[in-house]
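**Student:** Contents of input-v3.txt (compact mmCIF, C-alpha atoms and all ligand atoms) are given next:
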```txt
# COMPACT_ATOMS: atom_id res chain seq x y z
CA MET N 16 21.56 65.21 37.02
CA THR N 17 19.23 65.58 40.01
CA GLU N 18 16.01 63.62 40.10
CA THR N 19 13.84 66.66 39.29
CA ARG N 20 16.06 67.67 36.35
CA ASP N 21 15.90 64.24 34.77
CA PRO N 22 13.39 64.39 31.89
CA ARG N 23 12.40 60.75 32.51
CA HIS N 24 11.38 61.77 35.97
CA LEU N 25 9.18 64.58 34.59
CA ILE N 26 7.57 62.17 32.13
CA ASN N 27 6.87 59.57 34.82
CA ARG N 28 5.49 62.22 37.13
CA LYS N 29 3.12 63.57 34.45
CA LEU N 30 1.88 60.06 33.71
CA GLU N 31 1.36 59.41 37.40
CA HIS N 32 -0.51 62.71 37.75
CA VAL N 33 -2.84 61.77 34.91
CA GLU N 34 -3.40 58.31 36.41
CA ALA N 35 -3.95 59.75 39.93
CA THR N 36 -6.44 62.39 38.80
CA VAL N 37 -8.43 59.96 36.66
CA PHE N 38 -8.42 56.95 39.01
CA GLY N 39 -7.38 58.27 42.42
CA GLY N 40 -10.62 59.85 43.67
CA VAL N 41 -8.95 63.25 44.10
CA GLU N 42 -11.67 65.58 42.91
CA ARG N 43 -14.76 67.22 44.42
CA LEU N 44 -13.53 66.58 47.95
CA THR N 45 -14.76 70.05 48.98
CA SER N 46 -17.36 72.49 47.69
CA THR N 47 -16.85 75.02 44.90
CA MET N 48 -19.61 77.06 46.63
CA LEU N 49 -21.28 77.39 43.23
CA ASP N 50 -24.29 75.77 44.93
CA ASP N 51 -24.61 78.93 47.01
CA ILE N 52 -25.48 81.00 43.96
CA THR N 53 -28.79 80.79 42.13
CA LEU N 54 -29.54 82.39 38.79
CA VAL N 55 -33.01 83.82 39.19
CA HIS N 56 -35.56 82.05 36.95
CA GLN N 57 -37.30 84.22 34.36
CA ALA N 58 -40.60 82.65 33.28
CA PHE N 59 -40.84 84.84 30.18
CA PRO N 60 -37.33 85.50 28.88
CA GLY N 61 -38.61 87.55 25.91
CA PHE N 62 -36.65 85.51 23.31
CA SER N 63 -36.24 81.89 22.24
CA LEU N 64 -33.50 79.29 22.70
CA GLU N 65 -32.34 79.82 19.09
CA ASP N 66 -31.78 83.52 19.85
CA VAL N 67 -29.27 82.82 22.63
CA GLU N 68 -25.85 84.11 21.54
CA THR N 69 -22.86 82.52 23.26
CA MET N 70 -20.24 84.25 21.10
CA SER N 71 -17.59 85.77 23.30
CA TYR N 72 -13.97 86.95 23.45
CA PHE N 73 -10.79 85.42 24.83
CA LEU N 74 -8.22 88.15 25.38
CA GLY N 75 -9.58 90.02 22.39
CA LYS N 76 -10.06 86.95 20.12
CA LYS N 77 -13.53 85.94 19.07
CA ILE N 78 -14.70 82.53 20.31
CA SER N 79 -17.99 80.70 19.72
CA SER N 80 -18.65 80.10 23.41
CA PRO N 81 -16.97 81.18 26.65
CA ILE N 82 -15.58 77.71 27.29
CA MET N 83 -11.94 76.75 27.81
CA VAL N 84 -10.17 73.45 28.34
CA THR N 85 -7.44 74.48 30.77
CA GLY N 86 -3.87 73.19 30.66
CA MET N 87 -3.23 69.58 31.58
CA THR N 88 -1.00 67.50 29.48
CA GLY N 89 1.66 66.74 26.90
CA GLY N 90 5.10 65.15 27.15
CA THR N 91 4.72 61.59 25.81
CA PRO N 92 3.22 60.18 22.59
CA GLU N 93 0.14 58.91 24.46
CA LEU N 94 -0.41 62.26 26.21
CA GLY N 95 0.13 63.95 22.84
CA ARG N 96 -2.63 61.75 21.44
CA LEU N 97 -5.00 63.02 24.16
CA ASN N 98 -3.90 66.61 23.46
CA GLY N 99 -4.65 66.03 19.77
CA ILE N 100 -8.13 64.65 20.49
CA ILE N 101 -9.05 67.58 22.73
CA ALA N 102 -7.60 70.11 20.25
CA SER N 103 -9.68 68.76 17.32
CA VAL N 104 -12.92 69.17 19.23
CA VAL N 105 -11.90 72.59 20.59
CA GLU N 106 -11.30 73.71 16.98
CA GLU N 107 -14.59 72.23 15.73
CA MET N 108 -16.53 74.04 18.45
CA GLY N 109 -14.60 77.33 18.38
CA LEU N 110 -13.38 77.14 21.98
CA VAL N 111 -10.06 77.78 23.78
CA MET N 112 -7.42 75.30 24.93
CA GLY N 113 -4.39 75.37 27.20
CA VAL N 114 -1.65 72.75 27.29
CA GLY N 115 0.07 71.27 30.34
CA SER N 116 3.39 72.48 31.67
CA GLU N 117 5.91 72.72 28.83
CA ARG N 118 8.93 72.41 31.09
CA ILE N 119 9.38 68.99 29.54
CA VAL N 120 9.92 70.61 26.11
CA ILE N 121 12.92 72.48 27.46
CA GLU N 122 14.35 69.50 29.28
CA ASN N 123 13.53 66.91 26.60
CA PRO N 124 13.02 68.52 23.16
CA SER N 125 11.87 65.20 21.67
CA SER N 126 8.60 65.73 23.58
CA GLU N 127 7.74 68.75 21.38
CA GLU N 128 5.50 66.76 19.07
CA SER N 129 3.06 66.00 21.91
CA PHE N 130 2.42 69.78 22.09
CA ARG N 131 2.80 70.69 18.39
CA VAL N 132 -0.17 68.46 17.59
CA VAL N 133 -2.38 70.91 19.46
CA ARG N 134 -1.75 73.77 17.02
CA ARG N 135 -1.96 71.40 14.04
CA ASN N 136 -5.39 70.16 15.12
CA ALA N 137 -6.60 73.56 16.29
CA PRO N 138 -5.21 75.98 13.69
CA THR N 139 -7.57 78.86 14.50
CA SER N 140 -8.34 78.40 18.21
CA PRO N 141 -6.78 80.57 20.88
CA LEU N 142 -4.13 78.37 22.53
CA VAL N 143 -2.40 78.95 25.85
CA ALA N 144 1.19 77.88 26.59
CA ASN N 145 2.10 76.87 30.14
CA ILE N 146 5.03 77.08 32.55
CA GLY N 147 5.36 77.10 36.34
CA VAL N 148 6.55 79.92 38.59
CA PRO N 149 9.32 77.75 40.10
CA GLN N 150 10.87 77.33 36.62
CA LEU N 151 11.04 81.11 36.22
CA TYR N 152 12.69 81.42 39.59
CA ARG N 153 15.13 78.67 38.69
CA GLY N 154 16.48 80.45 35.66
CA TYR N 155 14.11 80.11 32.72
CA GLY N 156 14.32 83.31 30.69
CA LEU N 157 13.27 84.79 27.38
CA SER N 158 14.75 82.03 25.27
CA GLU N 159 12.89 79.24 27.13
CA LEU N 160 9.62 81.19 27.07
CA LYS N 161 9.96 81.87 23.35
CA THR N 162 10.51 78.15 22.76
CA ILE N 163 7.42 77.02 24.64
CA ILE N 164 5.32 79.74 23.01
CA SER N 165 6.49 78.91 19.50
CA VAL N 166 5.88 75.15 19.86
CA ILE N 167 2.12 75.76 19.88
CA GLU N 168 2.16 79.25 18.33
CA ALA N 169 0.46 80.33 21.51
CA ASP N 170 -1.91 83.27 21.83
CA ALA N 171 -1.21 83.64 25.56
CA LEU N 172 1.14 82.23 28.19
CA ALA N 173 -0.20 80.82 31.45
CA VAL N 174 2.24 80.92 34.33
CA HIS N 175 0.96 78.45 36.87
CA LEU N 176 1.00 78.80 40.63
CA ASN N 177 0.86 75.52 42.54
CA VAL N 178 2.38 76.28 45.90
CA ALA N 179 0.05 73.85 47.73
CA GLN N 180 1.02 71.02 45.42
CA GLU N 181 4.75 71.78 45.63
CA VAL N 182 4.66 71.92 49.44
CA PHE N 183 3.33 68.36 49.68
CA GLN N 184 5.03 66.90 46.61
CA PRO N 185 7.80 64.57 47.76
CA GLU N 186 10.20 66.34 45.35
CA GLY N 187 8.43 69.76 45.39
CA GLU N 188 10.00 73.15 44.55
CA THR N 189 8.58 75.94 46.68
CA ASP N 190 10.34 78.94 45.14
CA TYR N 191 7.77 81.70 45.25
CA ARG N 192 9.94 84.72 45.94
CA GLU N 193 8.86 88.29 45.13
CA GLU N 194 11.67 88.82 42.61
CA THR N 195 10.06 86.27 40.26
CA LEU N 196 7.17 88.66 39.71
CA ALA N 197 9.51 91.47 38.72
CA LYS N 198 11.32 89.08 36.37
CA LEU N 199 8.03 87.94 34.83
CA ARG N 200 6.90 91.56 34.42
CA ASP N 201 10.09 92.34 32.49
CA LEU N 202 9.85 89.18 30.38
CA SER N 203 6.20 89.79 29.62
CA LYS N 204 7.14 93.02 27.84
CA GLU N 205 9.25 91.00 25.40
CA ILE N 206 7.22 87.90 24.65
CA GLY N 207 4.55 89.65 22.59
CA ILE N 208 1.52 87.78 23.97
CA PRO N 209 -0.55 88.27 27.13
CA VAL N 210 0.43 86.52 30.36
CA ILE N 211 -2.23 84.77 32.45
CA LEU N 212 -1.48 84.03 36.10
CA LYS N 213 -3.07 80.68 36.78
CA GLU N 214 -3.77 78.82 40.00
CA THR N 215 -4.20 75.06 39.96
CA GLY N 216 -7.02 74.32 42.39
CA CYS N 217 -6.55 76.59 45.43
CA GLY N 218 -7.84 79.91 44.04
CA LEU N 219 -6.61 83.52 44.01
CA SER N 220 -7.31 85.89 46.91
CA ILE N 221 -7.89 89.65 47.14
CA GLU N 222 -4.35 90.07 48.50
CA THR N 223 -2.70 87.99 45.77
CA VAL N 224 -4.63 89.63 42.94
CA ARG N 225 -3.73 93.10 44.28
CA ARG N 226 -0.08 92.07 44.37
CA PHE N 227 -0.27 90.80 40.78
CA SER N 228 -2.11 93.91 39.59
CA SER N 229 0.57 96.11 41.13
CA TYR N 230 3.06 94.37 38.80
CA GLY N 231 0.81 95.02 35.82
CA PHE N 232 -0.80 91.57 35.54
CA HIS N 233 -4.52 91.64 34.83
CA ASN N 234 -5.34 88.23 33.30
CA PHE N 235 -6.17 85.43 35.71
CA ASP N 236 -7.24 81.81 35.74
CA VAL N 237 -8.53 81.56 39.30
CA SER N 238 -8.69 77.72 39.41
CA GLY N 239 -10.45 77.55 42.76
CA GLN N 240 -11.01 74.79 45.24
CA GLY N 241 -13.72 72.17 44.77
CA GLY N 242 -12.47 70.33 41.70
CA THR N 243 -9.20 68.46 41.21
CA SER N 244 -7.18 68.63 44.43
CA TRP N 245 -3.42 68.63 43.95
CA VAL N 246 -2.89 68.26 47.69
CA ALA N 247 -4.86 65.00 47.43
CA VAL N 248 -2.84 63.92 44.37
CA GLU N 249 0.46 64.47 46.19
CA LYS N 250 -0.90 62.79 49.31
CA LEU N 251 -1.59 59.72 47.20
CA ARG N 252 1.85 59.84 45.56
CA GLY N 253 3.50 60.34 48.95
CA GLU N 254 1.67 57.36 50.42
CA ARG N 255 2.83 55.18 47.55
CA ARG N 256 6.43 56.16 48.31
CA GLY N 257 6.12 56.06 52.09
CA ASN N 258 7.02 59.78 52.08
CA TRP N 259 6.59 61.59 55.41
CA LYS N 260 4.88 64.61 53.80
CA SER N 261 1.75 62.58 52.96
CA ARG N 262 0.67 62.58 56.63
CA SER N 263 0.66 66.38 56.63
CA ALA N 264 -1.09 66.57 53.27
CA SER N 265 -4.22 65.09 54.95
CA VAL N 266 -4.29 68.08 57.31
CA PHE N 267 -4.53 70.41 54.32
CA SER N 268 -7.08 68.47 52.29
CA THR N 269 -9.57 71.38 52.45
CA TRP N 270 -7.02 74.17 51.95
CA GLY N 271 -7.89 76.79 49.36
CA ILE N 272 -10.48 79.30 48.24
CA PRO N 273 -13.67 77.79 46.79
CA THR N 274 -14.19 78.59 43.12
CA ALA N 275 -17.21 80.87 43.57
CA ALA N 276 -15.38 82.84 46.28
CA THR N 277 -12.16 83.23 44.27
CA ILE N 278 -14.05 84.53 41.23
CA MET N 279 -15.61 87.16 43.48
CA GLU N 280 -12.34 88.02 45.24
CA THR N 281 -10.58 88.42 41.90
CA ARG N 282 -13.28 90.53 40.24
CA TRP N 283 -13.51 92.66 43.40
CA SER N 284 -9.75 93.28 43.52
CA ASP N 285 -9.29 94.01 39.81
CA PRO N 286 -12.69 95.01 38.39
CA THR N 287 -11.62 95.26 34.75
CA SER N 288 -9.39 92.18 34.68
CA PHE N 289 -9.86 89.18 32.37
CA ILE N 290 -10.95 86.18 34.44
CA ILE N 291 -11.10 82.49 33.60
CA GLY N 292 -13.43 80.96 36.19
CA SER N 293 -12.34 77.38 36.82
CA GLY N 294 -11.81 74.67 39.41
CA GLY N 295 -14.55 72.06 39.80
CA LEU N 296 -16.80 73.34 37.01
CA ARG N 297 -18.56 70.24 35.72
CA ASN N 298 -21.45 71.39 33.50
CA GLY N 299 -22.86 74.35 31.58
CA LEU N 300 -24.87 75.64 34.54
CA ASP N 301 -21.58 75.94 36.49
CA ILE N 302 -20.18 78.03 33.61
CA ALA N 303 -23.27 80.24 33.59
CA LYS N 304 -22.95 80.79 37.35
CA ALA N 305 -19.21 81.50 37.07
CA ILE N 306 -19.87 84.14 34.41
CA ALA N 307 -22.79 85.70 36.29
CA LEU N 308 -20.48 85.95 39.32
CA GLY N 309 -17.84 87.83 37.34
CA ALA N 310 -15.79 85.45 35.17
CA ASP N 311 -15.33 86.09 31.43
CA VAL N 312 -14.84 82.46 30.44
CA GLY N 313 -15.39 79.13 32.24
CA GLY N 314 -12.70 76.45 32.29
CA PHE N 315 -12.70 72.66 32.66
CA ALA N 316 -9.78 70.31 33.12
CA LEU N 317 -10.36 66.83 34.52
CA PRO N 318 -13.77 66.04 32.94
CA VAL N 319 -12.33 66.73 29.49
CA LEU N 320 -9.26 64.60 30.17
CA GLU N 321 -11.52 61.74 31.26
CA ALA N 322 -13.64 62.09 28.13
CA SER N 323 -10.51 62.19 25.93
CA LEU N 324 -9.52 58.74 27.16
CA GLU N 325 -12.63 57.44 25.40
CA GLY N 326 -11.94 59.38 22.20
CA LYS N 327 -13.10 62.38 20.22
CA ASN N 328 -16.81 61.52 20.31
CA SER N 329 -16.78 61.46 24.04
CA VAL N 330 -15.12 64.91 24.30
CA ARG N 331 -17.55 66.25 21.70
CA SER N 332 -20.53 64.83 23.54
CA PHE N 333 -19.36 66.25 26.90
CA LEU N 334 -18.71 69.73 25.48
CA ASN N 335 -21.93 69.75 23.45
CA ASP N 336 -23.88 68.96 26.61
CA VAL N 337 -22.03 71.77 28.39
CA LEU N 338 -22.92 74.17 25.58
CA PHE N 339 -26.58 73.19 25.63
CA GLN N 340 -26.72 73.54 29.42
CA LEU N 341 -25.11 76.99 29.16
CA GLN N 342 -27.67 78.03 26.51
CA ALA N 343 -30.53 76.68 28.66
CA ALA N 344 -29.27 78.61 31.70
CA MET N 345 -28.95 81.75 29.58
CA LEU N 346 -32.49 81.44 28.24
CA MET N 347 -34.06 80.73 31.62
CA SER N 348 -32.14 83.55 33.35
CA GLY N 349 -33.23 85.95 30.60
CA SER N 350 -29.66 86.41 29.30
CA LYS N 351 -29.68 86.70 25.52
CA ASP N 352 -25.90 87.03 25.29
CA VAL N 353 -22.82 86.65 27.48
CA LYS N 354 -22.80 90.34 28.28
CA SER N 355 -26.33 90.06 29.67
CA LEU N 356 -25.38 86.92 31.60
CA ARG N 357 -22.82 89.02 33.53
CA LYS N 358 -25.74 91.25 34.55
CA ALA N 359 -28.25 88.46 35.27
CA SER N 360 -30.09 88.54 38.58
CA ILE N 361 -28.51 86.24 41.13
CA VAL N 362 -29.08 85.26 44.74
CA ILE N 363 -26.08 84.52 46.96
CA ARG N 364 -26.68 82.51 50.12
CA GLY N 365 -25.10 80.34 52.79
CA GLY N 366 -21.36 79.84 53.00
CA LEU N 367 -20.60 82.09 50.02
CA LYS N 368 -22.50 84.99 51.59
CA GLU N 369 -20.64 84.46 54.87
CA TRP N 370 -17.34 84.26 53.01
CA MET N 371 -17.97 87.60 51.33
CA GLU N 372 -19.07 89.27 54.56
CA SER N 373 -16.01 88.06 56.44
CA ARG N 374 -13.81 89.33 53.60
CA GLY N 375 -15.40 92.78 53.80
CA ILE N 376 -17.14 92.57 50.43
CA SER N 377 -20.60 94.11 50.49
CA LEU N 378 -22.93 92.13 48.23
CA SER N 379 -24.69 95.22 46.94
CA THR N 380 -21.40 96.90 46.00
CA TYR N 381 -20.18 93.62 44.49
CA ASP N 382 -23.28 93.50 42.32
CA LYS N 383 -22.27 96.81 40.74
CA VAL N 384 -18.66 95.65 40.28
CA ARG N 385 -19.57 92.42 38.47
CA LYS N 386 -22.03 94.22 36.19
CA GLY N 387 -19.63 97.05 35.43
CA GLY N 388 -16.96 94.79 33.98
CA TYR N 389 -18.23 95.42 30.48
C1 LIG Q 1 -4.06 65.62 34.81
C2 LIG Q 1 -3.97 67.09 35.06
C3 LIG Q 1 -2.78 67.74 34.80
C4 LIG Q 1 -2.68 69.12 35.01
N1 LIG Q 1 -1.51 69.76 34.68
C5 LIG Q 1 -1.44 71.11 34.75
C6 LIG Q 1 -0.30 71.79 34.26
O1 LIG Q 1 0.66 71.20 33.79
N2 LIG Q 1 -0.29 73.16 34.34
C7 LIG Q 1 -1.36 73.85 34.87
O2 LIG Q 1 -1.34 75.09 34.89
N3 LIG Q 1 -2.43 73.22 35.37
C8 LIG Q 1 -2.51 71.88 35.30
N4 LIG Q 1 -3.64 71.23 35.75
C9 LIG Q 1 -4.67 72.01 36.49
C10 LIG Q 1 -5.90 72.35 35.68
O3 LIG Q 1 -5.60 73.21 34.59
C11 LIG Q 1 -6.99 73.00 36.55
O4 LIG Q 1 -6.55 74.27 36.99
C12 LIG Q 1 -7.37 72.18 37.77
O5 LIG Q 1 -7.31 70.80 37.49
C13 LIG Q 1 -8.79 72.49 38.26
O6 LIG Q 1 -9.76 72.25 37.27
P1 LIG Q 1 -10.70 70.94 37.28
O7 LIG Q 1 -11.33 70.86 38.64
O8 LIG Q 1 -11.69 71.18 36.19
O9 LIG Q 1 -9.83 69.75 37.02
C14 LIG Q 1 -3.78 69.86 35.54
C15 LIG Q 1 -4.98 69.18 35.79
C16 LIG Q 1 -5.09 67.82 35.57
C17 LIG Q 1 -6.39 67.13 35.85
```
When written as structure tokens, how does the structure in this file appear?
**Tutor:**
Amino acid sequence: MTETRDPRHLINRKLEHVEATVFGGVERLTSTMLDDITLVHQAFPGFSLEDVETMSYFLGKKISSPIMVTGMTGGTPELGRLNGIIASVVEEMGLVMGVGSERIVIENPSSEESFRVVRRNAPTSPLVANIGVPQLYRGYGLSELKTIISVIEADALAVHLNVAQEVFQPEGETDYREETLAKLRDLSKEIGIPVILKETGCGLSIETVRRFSSYGFHNFDVSGQGGTSWVAVEKLRGERRGNWKSRSASVFSTWGIPTAATIMETRWSDPTSFIIGSGGLRNGLDIAKAIALGADVGGFALPVLEASLEGKNSVRSFLNDVLFQLQAAMLMSGSKDVKSLRKASIVIRGGLKEWMESRGISLSTYDKVRKGGY
């Protein structure tokens, strides 16, 4: 059994990832560029805070608010406990949750319980299963996908893209060949639930989204740069092992597409797609900005994991604050519901404006694209 095929190795790696992201200082090393967008203040919104309606949809399913906890964990009893805590609050609040990579379920079926708990604690919430592109390339097929979907009775399957992480991971697997997309397209016709193509902190570009759309994929979690950095995580792990790749990881510490820019690139490339705006979102105002820019739902990972370490009350308190901040932003931008938030007046300045110009996206045309998504 090679090191990467050994389930103990996967478990240890997941635990080390959790430890590194929580204690390693690997987030917010660069900007999401969400600071370059301002929701224009409306002194007389024409309605009151109680009238703000955050109800929304996740791939056709009704949710109370456009908030998702994106995939992070599972695999050991302790990580299952964290999954269970997050799932209970997600259910209470009517939100959406993804789980971490379920490769471990295939390689070590006794880890199933750490994922099953999510559906048990969140019986009505939309849940998203998770697997990586390299696993598809390396032979996972319909049977493996059906297993990981059934473990959480998933409503959608996220296939994660983490090429930057794999490049610098001491034991990384960089299999990102074109044929995997054709394979995924064929599999997606048989699994019966939507597929979401999900980045993990480096964002999706115009070119990548066009490639995905040409294969019939139209659901994206952009996971842009500015939040948890997986290059930084692998740099840290490499340093601990004296691995030569860690020196090169430092060179790429700012690699990626900032979250605000990737939301715009994705909406521009596939105007009617379903977009989870994520990567470095840390409060409800960030969610409001992500939606006004073109996302359908906003996603958090690390802040929710950190809160879960302190228990359910801490997750509840974090997400309640997020919800209140989202409602406040909606009121003060004159957006009575999520549909109106997508049409709210915004100003785009600084680096984000330059980014768009250099990518050939005219801001006035973009304004029509983001508002026309509904
Ligand atoms: C501890 C941890 C583990 C993660 N594991 C996965 C994973 O297994 N699969 C995946 O698609 N994304 C994974 N992610 C990435 C997140 O879903 C998210 O895309 C990324 O962390 C950016 O969001 P953030 O800045 O809010 O953390 C993980 C994130 C964290 C913090």
**Student:** With all atoms listed in the file as the counted atoms, please give the residues lying no more than 7 Å from range 130-135 of chain N, apart from itself and same-chain residues fewer than 4 positions off, as a VMD selection string.
**Tutor:** chain N and resid 89 95 98 to 99 102 166 to 168
**Student:** At a cut-off of 8 Å, can you tabulate as a Markdown table every residue of chain N near ligand LIG 1 (chain Q) together with its closest atom pair and the distance in Å to one decimal, using all atoms listed in the file and ordering rows by chain then number?
**Tutor:**
```
| residue | atom | partner | partner_atom | distance |
| --- | --- | --- | --- | --- |
| N:Lys29 | CA | Q:LIG1 | C3 | 7.2 |
| N:His32 | CA | Q:LIG1 | C1 | 5.5 |
| N:Val33 | CA | Q:LIG1 | C1 | 4.0 |
| N:Glu34 | CA | Q:LIG1 | C1 | 7.5 |
| N:Ala35 | CA | Q:LIG1 | C1 | 7.8 |
| N:Thr36 | CA | Q:LIG1 | C17 | 5.6 |
| N:Val37 | CA | Q:LIG1 | C1 | 7.4 |
| N:Glu42 | CA | Q:LIG1 | O7 | 6.8 |
| N:Arg43 | CA | Q:LIG1 | O7 | 7.6 |
| N:Val84 | CA | Q:LIG1 | O3 | 7.7 |
| N:Thr85 | CA | Q:LIG1 | O3 | 4.4 |
| N:Gly86 | CA | Q:LIG1 | O3 | 4.3 |
| N:Met87 | CA | Q:LIG1 | C4 | 3.5 |
| N:Thr88 | CA | Q:LIG1 | C3 | 5.6 |
| N:Gly113 | CA | Q:LIG1 | O3 | 7.8 |
| N:Val114 | CA | Q:LIG1 | O1 | 7.1 |
| N:Gly115 | CA | Q:LIG1 | O1 | 3.5 |
| N:Ser116 | CA | Q:LIG1 | O1 | 3.7 |
| N:Glu117 | CA | Q:LIG1 | O1 | 7.4 |
| N:Asn145 | CA | Q:LIG1 | N2 | 6.1 |
| N:Ile146 | CA | Q:LIG1 | N2 | 6.8 |
| N:Gly147 | CA | Q:LIG1 | O2 | 7.1 |
| N:Ala173 | CA | Q:LIG1 | O2 | 6.8 |
| N:Val174 | CA | Q:LIG1 | O2 | 6.9 |
| N:His175 | CA | Q:LIG1 | O2 | 4.5 |
| N:Leu176 | CA | Q:LIG1 | O2 | 7.2 |
| N:Asn177 | CA | Q:LIG1 | O2 | 8.0 |
| N:Lys213 | CA | Q:LIG1 | O2 | 6.1 |
| N:Glu214 | CA | Q:LIG1 | O4 | 6.1 |
| N:Thr215 | CA | Q:LIG1 | O4 | 3.9 |
| N:Gly216 | CA | Q:LIG1 | C13 | 4.9 |
| N:Asp236 | CA | Q:LIG1 | O4 | 7.7 |
| N:Val237 | CA | Q:LIG1 | O4 | 7.9 |
| N:Ser238 | CA | Q:LIG1 | O4 | 4.7 |
| N:Gly239 | CA | Q:LIG1 | C13 | 7.0 |
| N:Gln240 | CA | Q:LIG1 | C13 | 7.7 |
| N:Gly241 | CA | Q:LIG1 | O7 | 6.7 |
| N:Gly242 | CA | Q:LIG1 | O7 | 3.3 |
| N:Thr243 | CA | Q:LIG1 | O7 | 4.1 |
| N:Ser244 | CA | Q:LIG1 | O5 | 7.3 |
| N:Trp245 | CA | Q:LIG1 | O5 | 7.8 |
| N:Ser293 | CA | Q:LIG1 | O6 | 5.8 |
| N:Gly294 | CA | Q:LIG1 | O6 | 3.8 |
| N:Gly295 | CA | Q:LIG1 | O7 | 3.6 |
| N:Leu296 | CA | Q:LIG1 | O8 | 5.6 |
| N:Arg297 | CA | Q:LIG1 | O8 | 6.9 |
| N:Gly314 | CA | Q:LIG1 | O8 | 6.6 |
| N:Phe315 | CA | Q:LIG1 | O8 | 4.0 |
| N:Ala316 | CA | Q:LIG1 | O8 | 3.7 |
| N:Leu317 | CA | Q:LIG1 | O9 | 3.9 |
| N:Pro318 | CA | Q:LIG1 | O8 | 6.4 |
| N:Leu320 | CA | Q:LIG1 | C17 | 6.8 |
```
**Student:** Residues within 6 Å of range 366-382 of chain N, please, as a list in words. Count all atoms listed in the file; anything in the same chain fewer than 3 positions from it doesn't count.
**Tutor:**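 So the residues in contact are Asp51, Ile363 and Arg385 of chain N.
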**Student:** Please compute the CA of Met112 in chain N-CA of Val143 in chain N distance, one decimal, in Å.
**Tutor:**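 Straight-line distance from CA of Met112 in chain N to CA of Val143 in chain N works out to 6.3 Å.
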**Student:** Any idea what the distance is between CA of Leu212 in chain N and CA of Thr277 in chain N?
**Tutor:**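 Spanning CA of Leu212 in chain N to CA of Thr277 in chain N is a straight-line distance of 13.5 Å.
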**Student:** Would you list the contacts of Ile121 in chain N as a ChimeraX atom specification, taking every protein, DNA or RNA residue within 8 Å and counting only C-alpha atoms, but skipping same-chain residues closer than 2 positions in sequence?
**Tutor:** /N:117-119,123-124,159,162-163
**Student:** Can you work out which one of N:Leu74, N:Ala264, N:Leu94, N:Leu196 has the shortest atom-to-atom distance to Asp170 in chain N, counting only C-alpha atoms?
**Tutor:** N:Leu74
**Student:** Rank nothing, just name the residue among N:Leu157, N:Ile221, N:Ala247, N:Ala310 nearest to Lys204 in chain N, using only C-alpha atoms.
**Tutor:**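 Result for the nearest residue to Lys204 in chain N: N:Leu157.
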**Student:** With only C-alpha atoms as the atoms that count, which of N:Lys260, N:Arg225, N:Lys76, N:Arg96 lies nearest to Asn136 in chain N?
**Tutor:**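 Once distances to Asn136 in chain N are computed over only C-alpha atoms, the minimum belongs to N:Arg96.
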**Student:** So which residues touch Val330 in chain N within 12 Å, counting only C-alpha atoms, skipping near sequence neighbours fewer than 2 positions away, as number ranges by chain?
**Tutor:** N: 84, 97-105, 107-108, 315-328, 332-337
**Student:** Could you state the separation of CA of Gly187 in chain N and CA of Met83 in chain N in Å, given to one decimal place?
**Tutor:** 27.8 Å
**Student:** In the coordinates of the file, take the point (-25.3, 81.1, 34.5) and a cut-off of 10 Å; then, counting all atoms listed in the file, name each qualifying protein, DNA or RNA residue as a ChimeraX atom specification.
**Tutor:** /N:52-55,299-308,340-348,350,353,356-357,359-361
**Student:** Excluding Trp259 in chain N and any residue of its chain fewer than 4 positions from it, enumerate the residues within 10 Å of it, using only C-alpha atoms, and give them as a VMD selection string.
**Tutor:** chain N and resid 183 185 250 253 to 254 263 to 264
